[in-house]
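Engineer: I'm passing along upload18.txt; it holds compact mmCIF, C-alpha atoms and all ligand atoms.
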# COMPACT_ATOMS: atom_id res chain seq x y z
CA MET R 3 -5.22 -2.60 -12.55
CA LYS R 4 -5.37 -0.22 -9.58
CA ARG R 5 -2.34 0.26 -7.34
CA GLY R 6 -2.48 2.02 -3.96
CA PHE R 7 0.39 3.57 -2.01
CA TYR R 8 0.75 3.64 1.78
CA ILE R 9 3.68 5.19 3.61
CA GLY R 10 4.80 5.27 7.24
CA ARG R 11 7.92 4.96 9.35
CA PHE R 12 6.61 1.80 11.04
CA GLN R 13 8.72 2.22 14.21
CA PRO R 14 7.35 -0.37 14.88
CA TYR R 15 4.64 -1.73 12.54
CA HIS R 16 1.46 -2.04 14.66
CA ASN R 17 -2.19 -3.14 14.61
CA GLY R 18 -3.36 0.29 13.37
CA HIS R 19 -1.19 -0.07 10.24
CA GLN R 20 -2.40 -3.67 9.87
CA SER R 21 -6.09 -2.64 10.02
CA VAL R 22 -5.55 0.09 7.42
CA LEU R 23 -3.76 -2.30 5.05
CA GLU R 24 -6.46 -4.98 5.45
CA HIS R 25 -8.97 -2.29 4.46
CA ILE R 26 -6.89 -1.09 1.48
CA ALA R 27 -6.54 -4.69 0.27
CA HIS R 28 -10.28 -4.72 -0.52
CA GLU R 29 -10.07 -1.55 -2.63
CA VAL R 30 -7.03 -2.05 -4.89
CA ASP R 31 -5.33 -4.78 -6.94
CA GLU R 32 -1.82 -4.15 -5.56
CA ILE R 33 -0.37 -2.21 -2.65
CA VAL R 34 2.96 -0.39 -2.56
CA ILE R 35 4.13 0.12 1.02
CA GLY R 36 6.83 2.75 1.49
CA ILE R 37 9.04 2.69 4.56
CA GLY R 38 9.81 6.34 5.25
CA SER R 39 12.98 7.67 6.93
CA ALA R 40 14.53 4.42 5.76
CA GLN R 41 18.08 5.57 6.54
CA LEU R 42 17.33 6.07 10.25
CA SER R 43 17.81 3.41 12.95
CA HIS R 44 19.24 3.02 16.44
CA MET R 45 17.57 6.22 17.66
CA VAL R 46 14.95 6.52 20.39
CA ASP R 47 12.29 7.73 17.91
CA ASN R 48 13.56 5.48 15.09
CA PRO R 49 14.98 2.33 16.68
CA PHE R 50 14.64 -0.21 13.86
CA THR R 51 16.45 -0.49 10.52
CA ALA R 52 14.67 -0.42 7.17
CA GLY R 53 15.47 -4.14 6.76
CA GLU R 54 13.95 -4.98 10.15
CA ARG R 55 10.83 -2.99 9.25
CA VAL R 56 10.61 -4.80 5.87
CA LEU R 57 10.66 -8.06 7.81
CA MET R 58 7.97 -6.96 10.31
CA ILE R 59 5.61 -5.84 7.53
CA THR R 60 6.25 -8.76 5.16
CA CYS R 61 5.74 -11.36 7.90
CA ALA R 62 2.62 -9.68 9.31
CA LEU R 63 1.00 -9.42 5.86
CA ALA R 64 1.81 -12.96 4.67
CA SER R 65 -1.89 -13.87 4.40
CA LEU R 66 -3.20 -10.45 3.25
CA GLY R 67 -4.61 -11.88 0.01
CA CYS R 68 -3.52 -8.87 -2.05
CA PRO R 69 -0.09 -8.56 -3.70
CA PHE R 70 2.16 -5.97 -2.07
CA TYR R 71 5.68 -4.52 -2.31
CA VAL R 72 7.60 -3.13 0.67
CA LEU R 73 10.13 -0.49 -0.37
CA PRO R 74 12.51 1.52 1.84
CA ILE R 75 12.49 5.23 0.99
CA GLU R 76 15.21 7.52 2.37
CA ASP R 77 14.43 11.09 3.45
CA ILE R 78 15.59 13.82 1.10
CA LYS R 79 14.74 16.65 3.54
CA ARG R 80 13.07 18.71 0.79
CA ASN R 81 9.30 18.52 1.14
CA ALA R 82 8.65 20.30 -2.16
CA LEU R 83 10.48 17.54 -4.06
CA TRP R 84 9.42 14.61 -1.89
CA VAL R 85 6.52 13.24 -3.98
CA ALA R 86 8.73 13.10 -7.10
CA HIS R 87 11.37 11.31 -5.01
CA VAL R 88 8.80 8.76 -3.80
CA GLN R 89 7.58 8.21 -7.37
CA SER R 90 11.14 7.63 -8.55
CA MET R 91 11.47 4.77 -6.04
CA THR R 92 8.10 3.03 -6.51
CA PRO R 93 6.03 1.34 -9.20
CA HIS R 94 3.33 3.65 -10.62
CA PHE R 95 0.38 4.06 -8.21
CA ASP R 96 -3.08 5.51 -8.79
CA LEU R 97 -3.87 6.76 -5.31
CA CYS R 98 -2.30 7.32 -1.94
CA TYR R 99 -3.66 6.40 1.48
CA SER R 100 -2.53 8.58 4.35
CA SER R 101 -3.87 10.37 7.40
CA ASN R 102 -0.66 12.29 7.99
CA PRO R 103 -1.49 15.98 7.25
CA LEU R 104 1.87 16.79 5.59
CA VAL R 105 1.77 13.66 3.41
CA VAL R 106 -1.84 14.43 2.42
CA GLN R 107 -0.91 18.02 1.49
CA LEU R 108 2.16 17.06 -0.57
CA PHE R 109 0.32 14.38 -2.58
CA LYS R 110 -2.69 16.64 -3.21
CA GLU R 111 -0.41 19.42 -4.47
CA ALA R 112 1.15 16.89 -6.86
CA GLY R 113 -2.33 16.10 -8.23
CA ILE R 114 -2.51 12.61 -6.76
CA LYS R 115 -5.76 11.36 -5.24
CA VAL R 116 -5.50 10.84 -1.47
CA LEU R 117 -7.82 8.85 0.78
CA SER R 118 -7.52 9.20 4.56
CA PRO R 119 -8.45 5.99 6.38
CA GLU R 120 -10.02 6.35 9.81
CA MET R 121 -7.71 5.99 12.81
CA TYR R 122 -8.07 2.84 14.87
CA GLU R 123 -7.72 3.21 18.65
CA ARG R 124 -5.21 6.01 18.21
CA GLU R 125 -4.44 6.42 21.94
CA THR R 126 -2.82 2.99 22.07
CA LEU R 127 -2.20 2.10 18.40
CA SER R 128 0.60 4.60 17.93
CA GLY R 129 4.30 4.06 17.37
CA THR R 130 5.11 6.72 19.96
CA GLU R 131 2.95 5.02 22.61
CA ILE R 132 4.35 1.55 21.82
CA ARG R 133 7.97 2.79 22.12
CA ARG R 134 7.07 4.52 25.39
CA ARG R 135 5.62 1.27 26.75
CA MET R 136 8.67 -0.72 25.63
CA LEU R 137 10.95 1.71 27.44
CA ASN R 138 8.87 1.66 30.63
CA GLY R 139 8.40 -2.10 30.74
CA GLU R 140 4.63 -1.79 30.16
CA LEU R 141 2.37 -4.06 28.05
CA TRP R 142 2.87 -3.54 24.29
CA ARG R 143 2.72 -6.99 22.66
CA ASN R 144 -1.08 -6.85 22.28
CA LEU R 145 -0.71 -3.71 20.11
CA VAL R 146 1.30 -5.31 17.28
CA PRO R 147 0.68 -8.39 15.08
CA PRO R 148 2.09 -11.65 16.56
CA LYS R 149 4.68 -11.86 13.75
CA VAL R 150 6.02 -8.46 14.78
CA VAL R 151 6.44 -9.69 18.36
CA GLN R 152 8.48 -12.58 16.90
CA VAL R 153 10.70 -10.33 14.74
CA LEU R 154 11.31 -7.95 17.68
CA LYS R 155 12.29 -10.91 19.84
CA GLU R 156 14.73 -12.20 17.20
CA ILE R 157 16.47 -8.81 16.92
CA ASP R 158 16.25 -8.11 20.68
CA GLY R 159 14.50 -4.89 19.75
CA VAL R 160 13.26 -3.80 23.17
CA GLU R 161 16.70 -4.18 24.72
CA ARG R 162 18.18 -2.11 21.88
CA LEU R 163 15.64 0.66 22.50
CA ARG R 164 16.43 0.68 26.23
CA GLN R 165 20.17 0.67 25.63
CA ILE R 166 20.14 3.60 23.18
CA SER R 167 17.89 5.63 25.49
CA ARG R 168 20.45 5.55 28.33
CA GLN R 169 22.72 8.46 29.21
CA ASP R 170 26.50 8.03 29.41
P1 LIG Z 201 4.77 7.48 15.36
O1 LIG Z 201 4.04 7.74 16.65
O2 LIG Z 201 6.14 6.96 15.53
O3 LIG Z 201 4.69 8.64 14.39
P2 LIG Z 201 2.56 6.16 14.04
O4 LIG Z 201 1.73 5.25 14.85
O5 LIG Z 201 2.01 7.52 13.73
O6 LIG Z 201 3.99 6.24 14.69
P3 LIG Z 201 3.57 6.03 11.36
O7 LIG Z 201 4.55 5.03 10.88
O8 LIG Z 201 4.02 7.42 11.61
O9 LIG Z 201 2.89 5.42 12.70
O10 LIG Z 201 2.29 6.10 10.45
C1 LIG Z 201 2.14 5.56 9.19
C2 LIG Z 201 0.72 5.82 8.73
O11 LIG Z 201 -0.16 5.04 9.54
C3 LIG Z 201 0.26 7.27 8.86
O12 LIG Z 201 -0.53 7.59 7.72
C4 LIG Z 201 -0.57 7.25 10.11
O13 LIG Z 201 -1.57 8.25 10.10
C5 LIG Z 201 -1.17 5.85 10.05
N1 LIG Z 201 -1.57 5.35 11.36
C6 LIG Z 201 -0.84 5.36 12.48
N2 LIG Z 201 -1.53 4.85 13.52
C7 LIG Z 201 -2.75 4.51 13.03
C8 LIG Z 201 -3.93 3.97 13.62
N3 LIG Z 201 -4.00 3.66 14.91
N4 LIG Z 201 -5.00 3.75 12.81
C9 LIG Z 201 -4.93 4.08 11.52
N5 LIG Z 201 -3.87 4.61 10.90
C10 LIG Z 201 -2.77 4.83 11.65
MG MG Z 202 3.23 9.13 12.86
As structure tokens, how would this structure be written, given the file I've shared?
Ligand code: ATP
Ligand code: MG

Structural biologist:
Amino acid sequence: MKRGFYIGRFQPYHNGHQSVLEHIAHEVDEIVIGIGSAQLSHMVDNPFTAGERVLMITCALASLGCPFYVLPIEDIKRNALWVAHVQSMTPHFDLCYSSNPLVVQLFKEAGIKVLSPEMYERETLSGTEIRRRMLNGELWRNLVPPKVVQVLKEIDGVERLRQISRQD
């Protein structure tokens, strides 16, 4: 039984994350998906709650064909202790998938095998770019799975992002 770990903030969950997870699904028996900075929401860089992100990911991966868990993980703001914190919140995993340099470094230092999946269309498949497009009224729906469009509509996510970006 081989379990893989994948972590992100998923603000929002997009087609780059989906492509990586579809790839991981062929390599492991189970996937643990960690939602980082779980305590943050209603901020321009972190607009959605952990629960909303759980919903986006769970709905988008309904037909993945590989069992997965989606677990919110709060920040502890101590990088040196972060891997132990993650491990205390997740089922045991054998390897970690990440392309984030800090995440790669922390897991390697902890003696955990790390694989870095290739980036898919990074100029557009990026949380930062998708939030920018939402704020500017540009096209973004083609960059996330259809189920994520549906969840964002249900929670009126784009309007929330615009509202919290305004000055008083
Ligand atoms: P943000 O711009 O808000 O940081 P992001 O697109 O980088 O958003 P994260 O939630 O920070 O998304 O990333 C989670 C993981 O997904 C990271 O390991 C990141 O490298 C990876 N990732 C992000 N975008 C892509 C992509 N287009 N292709 C492959 N992996 C990606
Ligand atoms: Mg990122």

Engineer: Give as a ChimeraX atom specification the residues surrounding ligand LIG 201 (chain Z) up to a distance of 6 Å, considering all atoms listed in the file.

Structural biologist: /R:9-13,18-19,22,100-102,120-124,127-130

Engineer: Residues at most 9 Å from R:Leu145, counting only C-alpha atoms, excluding those fewer than 2 positions away in the same chain, as JSON, numbers by chain?

Structural biologist: {"R": [16, 17, 18, 126, 127, 128, 132, 141, 142, 143, 147]}

Engineer: Would you compute the distance between atom CA of R:Ser167 and atom CA of R:Gly36? Give it in Å to one decimal.

Structural biologist: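 Spanning atom CA of R:Ser167 to atom CA of R:Gly36 is a straight-line distance of 26.6 Å.
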
Engineer: For R:Gly38, which of R:Leu66, R:Val88, R:Val153, R:Leu23 is the closest residue, counting only C-alpha atoms?

Structural biologist: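 That would be R:Val88, the residue with the smallest distance to R:Gly38.
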
Engineer: Looking at only C-alpha atoms, which of R:Asn81, R:Ile75, R:Ala62, R:Cys68 is the one that sits closest to R:Ala40?

Structural biologist: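 Using only C-alpha atoms, the shortest distance to R:Ala40 belongs to R:Ile75.
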
Engineer: Using only the atoms of stretch 54-58 of chain R listed in the file, plus 3 Å on each side, state the axis-aligned box centre and edge lengths in Å rounded to one decimal, as lines of an AutoDock Vina configuration file.

Structural biologist:
center_x = 11.0
center_y = -5.5
center_z = 8.1
size_x = 12.0
size_y = 11.1
size_z = 10.4

Engineer: Can you work out the spacing between atom CA of R:Arg134 and atom CA of R:Arg80 in Å, to one decimal?

Structural biologist: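 Separating atom CA of R:Arg134 from atom CA of R:Arg80 is a distance of 29.0 Å.
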
Engineer: In Å, how far is it from atom CA of R:Ser43 to atom CA of R:Gln165?

Structural biologist: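 One can read the atom CA of R:Ser43 to atom CA of R:Gln165 distance as 13.2 Å.
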
Engineer: Identify which of the residues R:Val30, R:Leu154, R:Gln169, R:Gly6 lies closest to R:Pro49, counting all atoms listed in the file when measuring atom-to-atom distances.

Structural biologist: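 Distance minimum relative to R:Pro49 lands on R:Leu154.
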
Engineer: Using all atoms listed in the file for the distances, tell me which of R:Ile33, R:Ser39, R:Asp170, R:Gln89 is nearest to ligand MG 202 (chain Z).

Structural biologist: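 Nearest to ligand MG 202 (chain Z): R:Ser39.
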
Engineer: So, counting all atoms listed in the file, which residue among R:Gly53, R:Pro103, R:His94, R:Val150 is closest to ligand MG 202 (chain Z)?

Structural biologist: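 Nearest candidate to ligand MG 202 (chain Z) out of R:Gly53, R:Pro103, R:His94, R:Val150: R:Pro103.
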
Engineer: Name the closest residue to ligand MG 202 (chain Z) among the candidates R:Thr60, R:Glu131, R:Gln20, R:Phe70; distances are taken between atoms, counting all atoms listed in the file.

Structural biologist: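 Going through R:Thr60, R:Glu131, R:Gln20, R:Phe70 one by one, the smallest distance to ligand MG 202 (chain Z) is for R:Glu131.
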
Engineer: Quick one: residues within 9 Å of R:Leu42, all atoms listed in the file, excluding same-chain residues fewer than 2 positions away - as number ranges by chain?

Structural biologist: R: 39-40, 44-45, 48-52, 76-77

Engineer: Contacts of R:Lys4 at 7 Å or less, counting only C-alpha atoms, minus same-chain residues fewer than 6 places along, as a count of residues only?

Structural biologist: 4

Engineer: Could you give me, as a PyMOL selection string, the residues within 10 Å of R:Ala112, counting only C-alpha atoms and dropping anything in the same chain fewer than 6 positions from it?

Structural biologist: chain R and resi 82-86
